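Since the structure comes first, as structure tokens, the remarks are kept for the end.
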Amino acid sequence: MSPVLVLGACAGYLLVLFLVAAWSDRRAAEGRSVIDSALVYALSWGVYCTAWTYFGSVGRAATGGVWFLPIYLGPMLAMLVAWIVLRKMVRIAHTYRITSIADFIAGRYGKSPGLAALVTLITVIGIVPYIALQLKAVEAGYIVLTGRGDEDAVGWLGDGTFYVALSLATFAIIFGTRHLDVAERHEGMVAAIAFESIVKLVAFLAVGAFVTWGLFGGMSDIWARAGEVPKLAGLMQLGGPGFDHAQWFAMTVLSAFSVLLLPRQFQVMVVECVNERHVRRAAWLFPAYLLLINVFVLPIAIGGLLLLGAGGDPETFVLSLPLTQGAPGLALLAYLGGLSAATGMLIVETVAVSTMVCNDLVMPALLRLGRLGDGDLTRIILNVRRAAIVAVLMLGYLYFHVAGEAYALVSIGLISFAAVAQFAPSLLGGIYWRGGTRVGAIAGLVAGFAVWAWTLMLPSVAKSGWIADDFVAHGPFGIGLLAPEQLFGLTGLDSLTHSLFWSMLANVGLYVGLSLARAPSAREASQALLFVDVFRRPGAEPVFWRGRARLDDLRALAARFLGPARAEALFDEHAAEVGVPVPDLVADARLVDRVERQIAGAVGTASARVLVASVAQEEPLSVEDVLEILDESSQLRGYARALESATVELRDANEALKSLDELKDDFMSSVTHELRTPLTSIRALSEVMRDTPDIEPAERDEFLRIIVSETERLGRLVNQVLDLAKIESGHAEWHNTDVDLRAVIQDAARAVSELFRERGARLDLSLPDAVPTIRADADRLTQVMLNLLSNAAKFVPDVDGRVEVRLRSEADALVVEVHDNGPGVPQPDQATVFEKFRQGGDAQTRPPGTGLGLPISRQIVDHLGGRMWLESEPGRGACFAFRLPLQPGGNENELQGADS
Amino acid sequence: MSERRGPRAQSLIALCVAGVVLFNFPLLAVWGQGATVFGLPLLPVALFGIWAALIAILAWVSERGGG
Amino acid sequence: MSCKVLIADDEPNIVVSLSFMMKREGYDVLVARDGVEALDTIRRERPALVLLDAMMPGMTGFDVCEAVRADAGVRETRIVMLTAKGRETDVARGLGAGADAYVTKPFSTRDLVAKVRDMLA
């Protein structure tokens, strides 16, 4: 295949990757996140499948049968408890703005900068060869496709792999260092990784289907033909008692740890997690993805061995099978699948490792040297991170070039797994065991890492011929007991299991032993509590900090490391929560903690601790202080919880009681007010007349008229209050007869005719010739009509006022509408017109009324099983309407129906 | 509280223990005897079958309970 | 020179009775129908005393009272608060707002006139 075509396809693929990432970033900016879904989250976990597994699984299967499986069965087992373990890691990381494994472990053991640096070093040493391996896969595939190597290339500049590395560095810089706060998610990167997972799955399945059904007659055909070759038949069995169960188990355990602890896995699973509830579904989608991508591994391996014989390299069967069997297009697709597996790993791993290098190696050094100046540091930090990305990728590229075809590269996948497995005791132990200490963690990590390097890393380097391999066979200086692959004379284990056993023994032994030997310091104890008990106190973590800080210092610090805008937002938010303006904020423990967490998101936990300590006067905490703070906060928590449950249980009851109380209080208060107002006029005017014998006759007449009208008002009010009370309490007497609603309306209209004449308004009735009678109290209905009509009369305009009453008969009810051409009821008042003492207008312009007419009318209609409502558009009049069912007491019928 | 919702921890741990037992010695030796099912060797069929079953049970345990 | 007395109430009939009483006592009577008007009149006419209804639309009597006490020009105005709500809290609120006296409706005209006379003596 022509190199131009292959390179062109690669370039096109990378371009698509950029577009996917850019699109996703834009969607996120619009608030429509692509990655906020369990499916995309699970697909991004697919970064676990690298080029090493994409090409290597087939290679492994071709030589060892089912031996490719343990590194996928381990993740399956880990995912079974993901909801327990991973969710806890996610919660801790998000609560304390943790952005890397180094941060996580250092944060757990008292925010120790030394521990963070140590974890970072182990990661870099363990992972760089793994990065090199991906670059090698990209190159190896290219050679298979084009049929030639890059011998003719002139240095790096003629090397396609170099450009792949370069474009990935560009990608990682663009989409991996968008914002300073790593705790903010990288939407574009995650979307691109999920996309890559789809590409590699589709490509691998396509090749598998091509081999299984295109080249053979299905799986059983492959097996049947393999059965004829004795060498192949043996692949499908365990191979008798010689099967290495210990190694099988070791690999399963190793990969179970790795799927949580590899930097790229931690990045996509923990740091980039949008919502921890997604863990629940992703935990089964991800193993399902792994299963799918592995279904065709054995068929491809065996098919390749059958068709290409021993001459072919099993590691490239995925490419060579379609290429030699007349499907070059498929071969190119398969290569792009491999490229996607490699690039996905490279991008995420580089971003994750560079964050650690920046936060835990470079920043502490810069801080210590005091070389940062006083200005805004956000740009500097971002540039450091970008430089770290380039450095990590170039380191991998360098290793790839130097190591070349060496053995070290081929076996590096599992060696890297074994390196990151060293984090398991201190990380997993740290989130479940409060007793773990910094010294124990450091000693465990150092010892485990040293044993790993001696028993696994160095022998692999020696086997590739870089250093003399005498020590592997005979031990250093001829001391056989220290021979790396038979440490202390332990034989019978393969080198991986052997190394894993000794390194874990040393690691766990020292971690537990030293942790038990010395009590944790106050800071370690407090961090242990925060991590282990993270689910116990959602949103109310105690703050283990005492001391004094100045608000201005904190603001300056935040502005330097977060940028002025984010710093300002941070303080505004805190001020809003506390409820005081920003300048009045007190730099208390909670604010200091908040600032420290935000800075931790930018420069890492350990550096943030150092920075905050540098601007505050802190009091060292004793373990007693920690317990005291915890006690205070748990008491508060206890109160809060009691309050919360009480609120939950009593909320409804409380609400009901409260509104009832208010109603009663409001009602009583309104009644007294309404009663006292006319009484005041009556008493005052009577006393005035009593005390003023020589009052003018005209004045006396006017006063008497007022007294009479106020007395009437008083009487009306008393009657209506009593009426309402009777109806509401159910003590009213109802004289129900068969009522013709037409007659009721006509009676009421006659009664108000005088009122309408005074107002100069017209009253029109539009009644049908006949309506069915209803069972009701005629006097009460007349009262309703009088209320509605006098109400309407009050509000019609002085000139050309009109009120129209319409009666219509529906299937099961009668509807009465009273339209007026008054000003209408403003929207906000419509809901309250039926409440007591809510009169429209103010006292001067308001026509006399008690404010009880409408509430009473509604009570009456309600009692008759009907409904009263208001329709009004301000400026276009009001329509009060009610509806009465033909079958009175419909409610009672329902009740009887329910009883029977 | 939404915090508490989700699969029960005991179920998950039991499932994990079951997975470890099914995937390892000595049960592994049972799958690896060289028998065939439907013309396919038992060992990979058994491993993939157990794998699929674990996914199915995990999915069921995770998804019931709603949300 | 006769004293100016402002009557601020939204009930016309109460205004009628109060203004008759105040005129009979020889005061110059001013009338306001709501809180805003009352405050304007106080600032413009500087009455010696205000009979102030607590429950008026818009600006309540309490609001007017507070505004008067906060205004250096009219701070010394005597204020008698009238209310139809006789609860302890209302009395406390009225006095808290700075009223000089608090009268519950319905009131005895003789007592009210005596109180006004005292306060303007």
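Residue names in the structure tokens use chain letters A, B, ... in the order shown, residue numbers from 1 in each chain, and ligand numbers from 1 in the order shown.
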| task | Select from chain B everything DSSP, run on the backbone, classes as helix (DSSP H, G or I), then give the selection as a PyMOL selection string. | result | chain B and resi 2-4+9-23+27-31+42-63
| task | Would you please give, as an MDAnalysis selection string, all residues of chain C that DSSP assigns to strand (DSSP E or B) based on the backbone? | result | chainID C and resid 4:8 28:32 49:53 78:83 101:104
| task | Kindly provide, as JSON, numbers by chain, the residues of chain C having any atom no farther than 7 Å from an atom of chain A, counting only C-alpha atoms. | result | {"C": [10, 11, 13, 14, 17, 21, 57, 84, 85, 105, 106, 107, 109]}
| query | Could you write out as a PyMOL selection string the residues of chain B within 9 Å of chain A, counting only C-alpha atoms? | reply | chain B and resi 3+6-7+9+12-13+15-17+19-20+23-26+28-29+31-35+38-44+47-48+51-52+54-56+58-59+62-63
| For Arg750 in chain A: contacts at 12 Å, only C-alpha atoms, fewer than 2 positions along chain excluded, given as a ChimeraX atom specification | /A:743-748,752-757,763-765,782,785-786,789-790
Could you save those same residues with all heavy atoms as a compact mmCIF listing (two decimals), in the first residue's frame?
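Once everything was written out, this is again13.txt:
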# COMPACT_ATOMS: atom_id res chain seq x y z
N ALA A 743 -85.73 31.78 37.18
CA ALA A 743 -86.52 32.59 38.11
C ALA A 743 -85.61 33.27 39.12
O ALA A 743 -85.80 34.45 39.47
CB ALA A 743 -87.54 31.71 38.82
N VAL A 744 -84.61 32.54 39.59
CA VAL A 744 -83.69 33.11 40.57
C VAL A 744 -82.99 34.33 39.98
O VAL A 744 -82.91 35.39 40.61
CB VAL A 744 -82.64 32.05 40.98
CG1 VAL A 744 -81.50 32.70 41.75
CG2 VAL A 744 -83.29 30.96 41.82
N ILE A 745 -82.51 34.18 38.72
CA ILE A 745 -81.80 35.29 38.09
C ILE A 745 -82.72 36.49 37.90
O ILE A 745 -82.34 37.63 38.16
CB ILE A 745 -81.20 34.82 36.74
CG1 ILE A 745 -80.10 33.79 37.02
CG2 ILE A 745 -80.64 35.99 35.96
CD1 ILE A 745 -79.59 33.08 35.79
N GLN A 746 -83.97 36.20 37.47
CA GLN A 746 -84.91 37.32 37.24
C GLN A 746 -85.23 38.03 38.55
O GLN A 746 -85.28 39.27 38.60
CB GLN A 746 -86.18 36.79 36.57
CG GLN A 746 -85.97 36.58 35.07
CD GLN A 746 -86.95 35.59 34.47
OE1 GLN A 746 -87.67 34.91 35.21
NE2 GLN A 746 -86.98 35.52 33.15
N ASP A 747 -85.40 37.27 39.63
CA ASP A 747 -85.66 37.89 40.95
C ASP A 747 -84.52 38.82 41.35
O ASP A 747 -84.73 39.96 41.76
CB ASP A 747 -85.79 36.80 42.03
CG ASP A 747 -87.16 36.15 41.99
OD1 ASP A 747 -88.03 36.66 41.24
OD2 ASP A 747 -87.36 35.15 42.70
N ALA A 748 -83.31 38.26 41.20
CA ALA A 748 -82.14 39.03 41.61
C ALA A 748 -82.04 40.30 40.76
O ALA A 748 -81.72 41.38 41.28
CB ALA A 748 -80.88 38.17 41.47
N VAL A 752 -81.92 44.31 42.02
CA VAL A 752 -80.83 45.27 41.85
C VAL A 752 -81.16 46.34 40.81
O VAL A 752 -80.33 47.17 40.49
CB VAL A 752 -79.51 44.58 41.43
CG1 VAL A 752 -79.00 43.68 42.53
CG2 VAL A 752 -79.69 43.82 40.12
N SER A 753 -82.40 46.32 40.28
CA SER A 753 -82.72 47.25 39.19
C SER A 753 -82.56 48.69 39.66
O SER A 753 -82.06 49.54 38.92
CB SER A 753 -84.14 46.98 38.67
OG SER A 753 -85.05 47.19 39.73
N GLU A 754 -82.94 48.96 40.91
CA GLU A 754 -82.80 50.31 41.44
C GLU A 754 -81.33 50.74 41.48
O GLU A 754 -80.96 51.85 41.09
CB GLU A 754 -83.43 50.37 42.85
CG GLU A 754 -83.42 51.77 43.46
CD GLU A 754 -84.24 52.73 42.62
OE1 GLU A 754 -85.16 52.28 41.87
OE2 GLU A 754 -83.96 53.94 42.69
N LEU A 755 -80.49 49.81 41.96
CA LEU A 755 -79.05 50.06 42.04
C LEU A 755 -78.47 50.39 40.67
O LEU A 755 -77.70 51.34 40.51
CB LEU A 755 -78.36 48.82 42.63
CG LEU A 755 -76.84 48.86 42.72
CD1 LEU A 755 -76.39 49.89 43.75
CD2 LEU A 755 -76.30 47.49 43.07
N PHE A 756 -78.90 49.63 39.66
CA PHE A 756 -78.39 49.85 38.31
C PHE A 756 -78.86 51.19 37.77
O PHE A 756 -78.13 51.88 37.07
CB PHE A 756 -78.80 48.70 37.37
CG PHE A 756 -77.82 47.55 37.41
CD1 PHE A 756 -77.78 46.70 38.49
CD2 PHE A 756 -76.94 47.34 36.35
CE1 PHE A 756 -76.88 45.64 38.54
CE2 PHE A 756 -76.03 46.30 36.39
CZ PHE A 756 -76.00 45.45 37.49
N ARG A 757 -80.10 51.54 38.11
CA ARG A 757 -80.63 52.83 37.62
C ARG A 757 -79.80 53.97 38.22
O ARG A 757 -79.42 54.89 37.53
CB ARG A 757 -82.11 52.97 37.98
CG ARG A 757 -82.78 54.10 37.21
CD ARG A 757 -84.29 54.10 37.42
NE ARG A 757 -84.90 52.82 37.13
CZ ARG A 757 -85.71 52.16 37.99
NH1 ARG A 757 -86.00 52.68 39.15
NH2 ARG A 757 -86.24 51.01 37.66
N LEU A 763 -78.62 46.44 32.51
CA LEU A 763 -78.48 45.02 32.86
C LEU A 763 -79.24 44.20 31.85
O LEU A 763 -80.44 44.37 31.68
CB LEU A 763 -79.04 44.79 34.28
CG LEU A 763 -79.09 43.33 34.75
CD1 LEU A 763 -77.70 42.71 34.77
CD2 LEU A 763 -79.72 43.24 36.14
N ASP A 764 -78.54 43.34 31.12
CA ASP A 764 -79.19 42.48 30.13
C ASP A 764 -79.18 41.04 30.61
O ASP A 764 -78.16 40.56 31.12
CB ASP A 764 -78.42 42.55 28.80
CG ASP A 764 -78.47 43.95 28.20
OD1 ASP A 764 -79.51 44.60 28.35
OD2 ASP A 764 -77.45 44.37 27.61
N LEU A 765 -80.29 40.36 30.41
CA LEU A 765 -80.34 38.94 30.75
C LEU A 765 -80.49 38.16 29.46
O LEU A 765 -81.34 38.47 28.63
CB LEU A 765 -81.56 38.64 31.64
CG LEU A 765 -81.69 39.45 32.93
CD1 LEU A 765 -82.90 38.95 33.73
CD2 LEU A 765 -80.43 39.33 33.77
N THR A 782 -80.15 33.12 45.24
CA THR A 782 -80.48 34.53 45.01
C THR A 782 -79.38 35.41 45.62
O THR A 782 -78.93 36.39 45.03
CB THR A 782 -81.83 34.88 45.65
OG1 THR A 782 -82.79 33.92 45.20
CG2 THR A 782 -82.28 36.27 45.27
N MET A 785 -76.50 35.49 43.32
CA MET A 785 -76.74 36.36 42.17
C MET A 785 -76.68 37.83 42.58
O MET A 785 -76.11 38.66 41.87
CB MET A 785 -78.11 36.05 41.53
CG MET A 785 -78.14 34.82 40.65
SD MET A 785 -76.79 34.72 39.47
CE MET A 785 -77.02 36.20 38.51
N LEU A 786 -77.25 38.13 43.75
CA LEU A 786 -77.21 39.52 44.21
C LEU A 786 -75.78 39.99 44.43
O LEU A 786 -75.40 41.10 44.05
CB LEU A 786 -78.00 39.65 45.52
CG LEU A 786 -79.52 39.65 45.38
CD1 LEU A 786 -80.19 39.64 46.75
CD2 LEU A 786 -79.98 40.87 44.58
N LEU A 789 -74.17 40.50 41.03
CA LEU A 789 -74.72 41.66 40.30
C LEU A 789 -74.31 42.97 40.96
O LEU A 789 -73.90 43.92 40.28
CB LEU A 789 -76.24 41.55 40.20
CG LEU A 789 -76.74 40.48 39.22
CD1 LEU A 789 -78.25 40.32 39.32
CD2 LEU A 789 -76.32 40.81 37.80
N SER A 790 -74.37 43.01 42.28
CA SER A 790 -74.00 44.28 42.92
C SER A 790 -72.51 44.51 42.79
O SER A 790 -72.04 45.63 42.65
CB SER A 790 -74.46 44.30 44.39
OG SER A 790 -73.92 43.20 45.07
| If you measure from CA of Gly435 in chain A to CA of Ala613 in chain A, what distance in Å do you get, rounded to one decimal? | 25.2 Å
| Which residues, written as a ChimeraX atom specification, have at least one atom at most 12 Å from Met22 in chain C, with only C-alpha atoms counted and residues fewer than 3 positions away on the same chain left out? | /A:688 /C:2-7,15-19,25-31,49-51,109-110,112-117
Include N, CA and C atoms and write out the residues we just selected as a PDB file, in the first residue's frame.
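Result file is selection.pdb:
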ATOM      1  N   VAL A 688     -69.818  63.425  69.300  1.00  0.00           N
ATOM      2  CA  VAL A 688     -69.703  64.815  68.865  1.00  0.00           C
ATOM      3  C   VAL A 688     -71.046  65.523  69.024  1.00  0.00           C
TER       4      VAL A 688
ATOM      5  N   SER C   2     -53.337  79.919  65.717  1.00  0.00           N
ATOM      6  CA  SER C   2     -53.883  78.587  65.977  1.00  0.00           C
ATOM      7  C   SER C   2     -52.954  77.529  65.398  1.00  0.00           C
ATOM      8  N   CYS C   3     -52.993  76.344  66.049  1.00  0.00           N
ATOM      9  CA  CYS C   3     -52.141  75.237  65.614  1.00  0.00           C
ATOM     10  C   CYS C   3     -52.760  74.523  64.426  1.00  0.00           C
ATOM     11  N   LYS C   4     -51.868  74.002  63.578  1.00  0.00           N
ATOM     12  CA  LYS C   4     -52.338  73.176  62.471  1.00  0.00           C
ATOM     13  C   LYS C   4     -52.345  71.724  62.909  1.00  0.00           C
ATOM     14  N   VAL C   5     -53.450  71.030  62.591  1.00  0.00           N
ATOM     15  CA  VAL C   5     -53.538  69.595  62.876  1.00  0.00           C
ATOM     16  C   VAL C   5     -53.865  68.881  61.582  1.00  0.00           C
ATOM     17  N   LEU C   6     -53.081  67.831  61.296  1.00  0.00           N
ATOM     18  CA  LEU C   6     -53.333  67.047  60.088  1.00  0.00           C
ATOM     19  C   LEU C   6     -54.082  65.777  60.453  1.00  0.00           C
ATOM     20  N   ILE C   7     -55.153  65.508  59.698  1.00  0.00           N
ATOM     21  CA  ILE C   7     -55.883  64.253  59.879  1.00  0.00           C
ATOM     22  C   ILE C   7     -55.599  63.368  58.683  1.00  0.00           C
ATOM     23  N   VAL C  15     -62.827  60.749  58.882  1.00  0.00           N
ATOM     24  CA  VAL C  15     -62.251  62.081  58.662  1.00  0.00           C
ATOM     25  C   VAL C  15     -63.283  63.156  59.018  1.00  0.00           C
ATOM     26  N   VAL C  16     -64.523  62.912  58.606  1.00  0.00           N
ATOM     27  CA  VAL C  16     -65.590  63.879  58.911  1.00  0.00           C
ATOM     28  C   VAL C  16     -65.673  64.125  60.409  1.00  0.00           C
ATOM     29  N   SER C  17     -65.705  63.044  61.169  1.00  0.00           N
ATOM     30  CA  SER C  17     -65.891  63.220  62.610  1.00  0.00           C
ATOM     31  C   SER C  17     -64.663  63.859  63.254  1.00  0.00           C
ATOM     32  N   LEU C  18     -63.463  63.404  62.838  1.00  0.00           N
ATOM     33  CA  LEU C  18     -62.253  63.945  63.446  1.00  0.00           C
ATOM     34  C   LEU C  18     -62.094  65.437  63.139  1.00  0.00           C
ATOM     35  N   SER C  19     -62.375  65.800  61.874  1.00  0.00           N
ATOM     36  CA  SER C  19     -62.133  67.204  61.541  1.00  0.00           C
ATOM     37  C   SER C  19     -63.152  68.110  62.254  1.00  0.00           C
ATOM     38  N   GLU C  25     -62.284  72.482  68.485  1.00  0.00           N
ATOM     39  CA  GLU C  25     -61.275  72.841  69.486  1.00  0.00           C
ATOM     40  C   GLU C  25     -60.468  74.060  69.047  1.00  0.00           C
ATOM     41  N   GLY C  26     -60.694  74.535  67.799  1.00  0.00           N
ATOM     42  CA  GLY C  26     -60.017  75.745  67.358  1.00  0.00           C
ATOM     43  C   GLY C  26     -58.748  75.524  66.576  1.00  0.00           C
ATOM     44  N   TYR C  27     -58.499  74.288  66.158  1.00  0.00           N
ATOM     45  CA  TYR C  27     -57.294  74.047  65.362  1.00  0.00           C
ATOM     46  C   TYR C  27     -57.595  74.242  63.889  1.00  0.00           C
ATOM     47  N   ASP C  28     -56.522  74.565  63.126  1.00  0.00           N
ATOM     48  CA  ASP C  28     -56.639  74.553  61.675  1.00  0.00           C
ATOM     49  C   ASP C  28     -56.504  73.111  61.199  1.00  0.00           C
ATOM     50  N   VAL C  29     -57.482  72.646  60.436  1.00  0.00           N
ATOM     51  CA  VAL C  29     -57.489  71.236  60.063  1.00  0.00           C
ATOM     52  C   VAL C  29     -57.011  71.036  58.628  1.00  0.00           C
ATOM     53  N   LEU C  30     -56.080  70.115  58.475  1.00  0.00           N
ATOM     54  CA  LEU C  30     -55.632  69.656  57.150  1.00  0.00           C
ATOM     55  C   LEU C  30     -56.036  68.199  57.011  1.00  0.00           C
ATOM     56  N   VAL C  31     -56.296  67.746  55.772  1.00  0.00           N
ATOM     57  CA  VAL C  31     -56.732  66.364  55.578  1.00  0.00           C
ATOM     58  C   VAL C  31     -55.858  65.689  54.535  1.00  0.00           C
ATOM     59  N   LEU C  49     -49.371  68.752  64.908  1.00  0.00           N
ATOM     60  CA  LEU C  49     -49.750  67.413  65.339  1.00  0.00           C
ATOM     61  C   LEU C  49     -50.431  66.676  64.201  1.00  0.00           C
ATOM     62  N   VAL C  50     -50.249  65.345  64.163  1.00  0.00           N
ATOM     63  CA  VAL C  50     -50.883  64.523  63.141  1.00  0.00           C
ATOM     64  C   VAL C  50     -51.683  63.417  63.808  1.00  0.00           C
ATOM     65  N   LEU C  51     -52.934  63.290  63.372  1.00  0.00           N
ATOM     66  CA  LEU C  51     -53.719  62.121  63.766  1.00  0.00           C
ATOM     67  C   LEU C  51     -53.563  61.133  62.605  1.00  0.00           C
ATOM     68  N   THR C 109     -64.178  60.306  72.124  1.00  0.00           N
ATOM     69  CA  THR C 109     -63.811  61.619  71.567  1.00  0.00           C
ATOM     70  C   THR C 109     -63.263  62.538  72.645  1.00  0.00           C
ATOM     71  N   ARG C 110     -63.831  62.456  73.842  1.00  0.00           N
ATOM     72  CA  ARG C 110     -63.354  63.333  74.906  1.00  0.00           C
ATOM     73  C   ARG C 110     -61.907  63.040  75.241  1.00  0.00           C
ATOM     74  N   LEU C 112     -59.701  61.642  73.364  1.00  0.00           N
ATOM     75  CA  LEU C 112     -58.809  62.003  72.272  1.00  0.00           C
ATOM     76  C   LEU C 112     -58.545  63.508  72.255  1.00  0.00           C
ATOM     77  N   VAL C 113     -59.629  64.273  72.424  1.00  0.00           N
ATOM     78  CA  VAL C 113     -59.479  65.727  72.415  1.00  0.00           C
ATOM     79  C   VAL C 113     -58.585  66.175  73.565  1.00  0.00           C
ATOM     80  N   ALA C 114     -58.766  65.550  74.740  1.00  0.00           N
ATOM     81  CA  ALA C 114     -57.945  65.922  75.904  1.00  0.00           C
ATOM     82  C   ALA C 114     -56.481  65.628  75.624  1.00  0.00           C
ATOM     83  N   LYS C 115     -56.223  64.464  74.994  1.00  0.00           N
ATOM     84  CA  LYS C 115     -54.852  64.062  74.715  1.00  0.00           C
ATOM     85  C   LYS C 115     -54.200  65.043  73.747  1.00  0.00           C
ATOM     86  N   VAL C 116     -54.956  65.428  72.726  1.00  0.00           N
ATOM     87  CA  VAL C 116     -54.417  66.372  71.744  1.00  0.00           C
ATOM     88  C   VAL C 116     -54.133  67.716  72.413  1.00  0.00           C
ATOM     89  N   ARG C 117     -55.055  68.134  73.234  1.00  0.00           N
ATOM     90  CA  ARG C 117     -54.886  69.412  73.913  1.00  0.00           C
ATOM     91  C   ARG C 117     -53.631  69.399  74.775  1.00  0.00           C
TER      92      ARG C 117
END
| query | Got a sec: who's within 12 Å of Ala54 in chain C, counting only C-alpha atoms, leaving out chain neighbours fewer than 5 positions off, as a ChimeraX atom specification? | reply | /A:673 /C:7-11,34-35,38,59-66,79-86,90-91,93-95,97,99,102-105
| field | Residue neighbourhood Thr737 in chain A, 8 Å, only C-alpha atoms, exclusion window fewer than 3 positions, as a ChimeraX atom specification | value | /A:774-778
| task | Write out as a PyMOL selection string which residues come within 12 Å of Asp572 in chain A when counting only C-alpha atoms, dropping same-chain ones fewer than 4 positions away. | result | chain A and resi 555+565-568+576-585+591
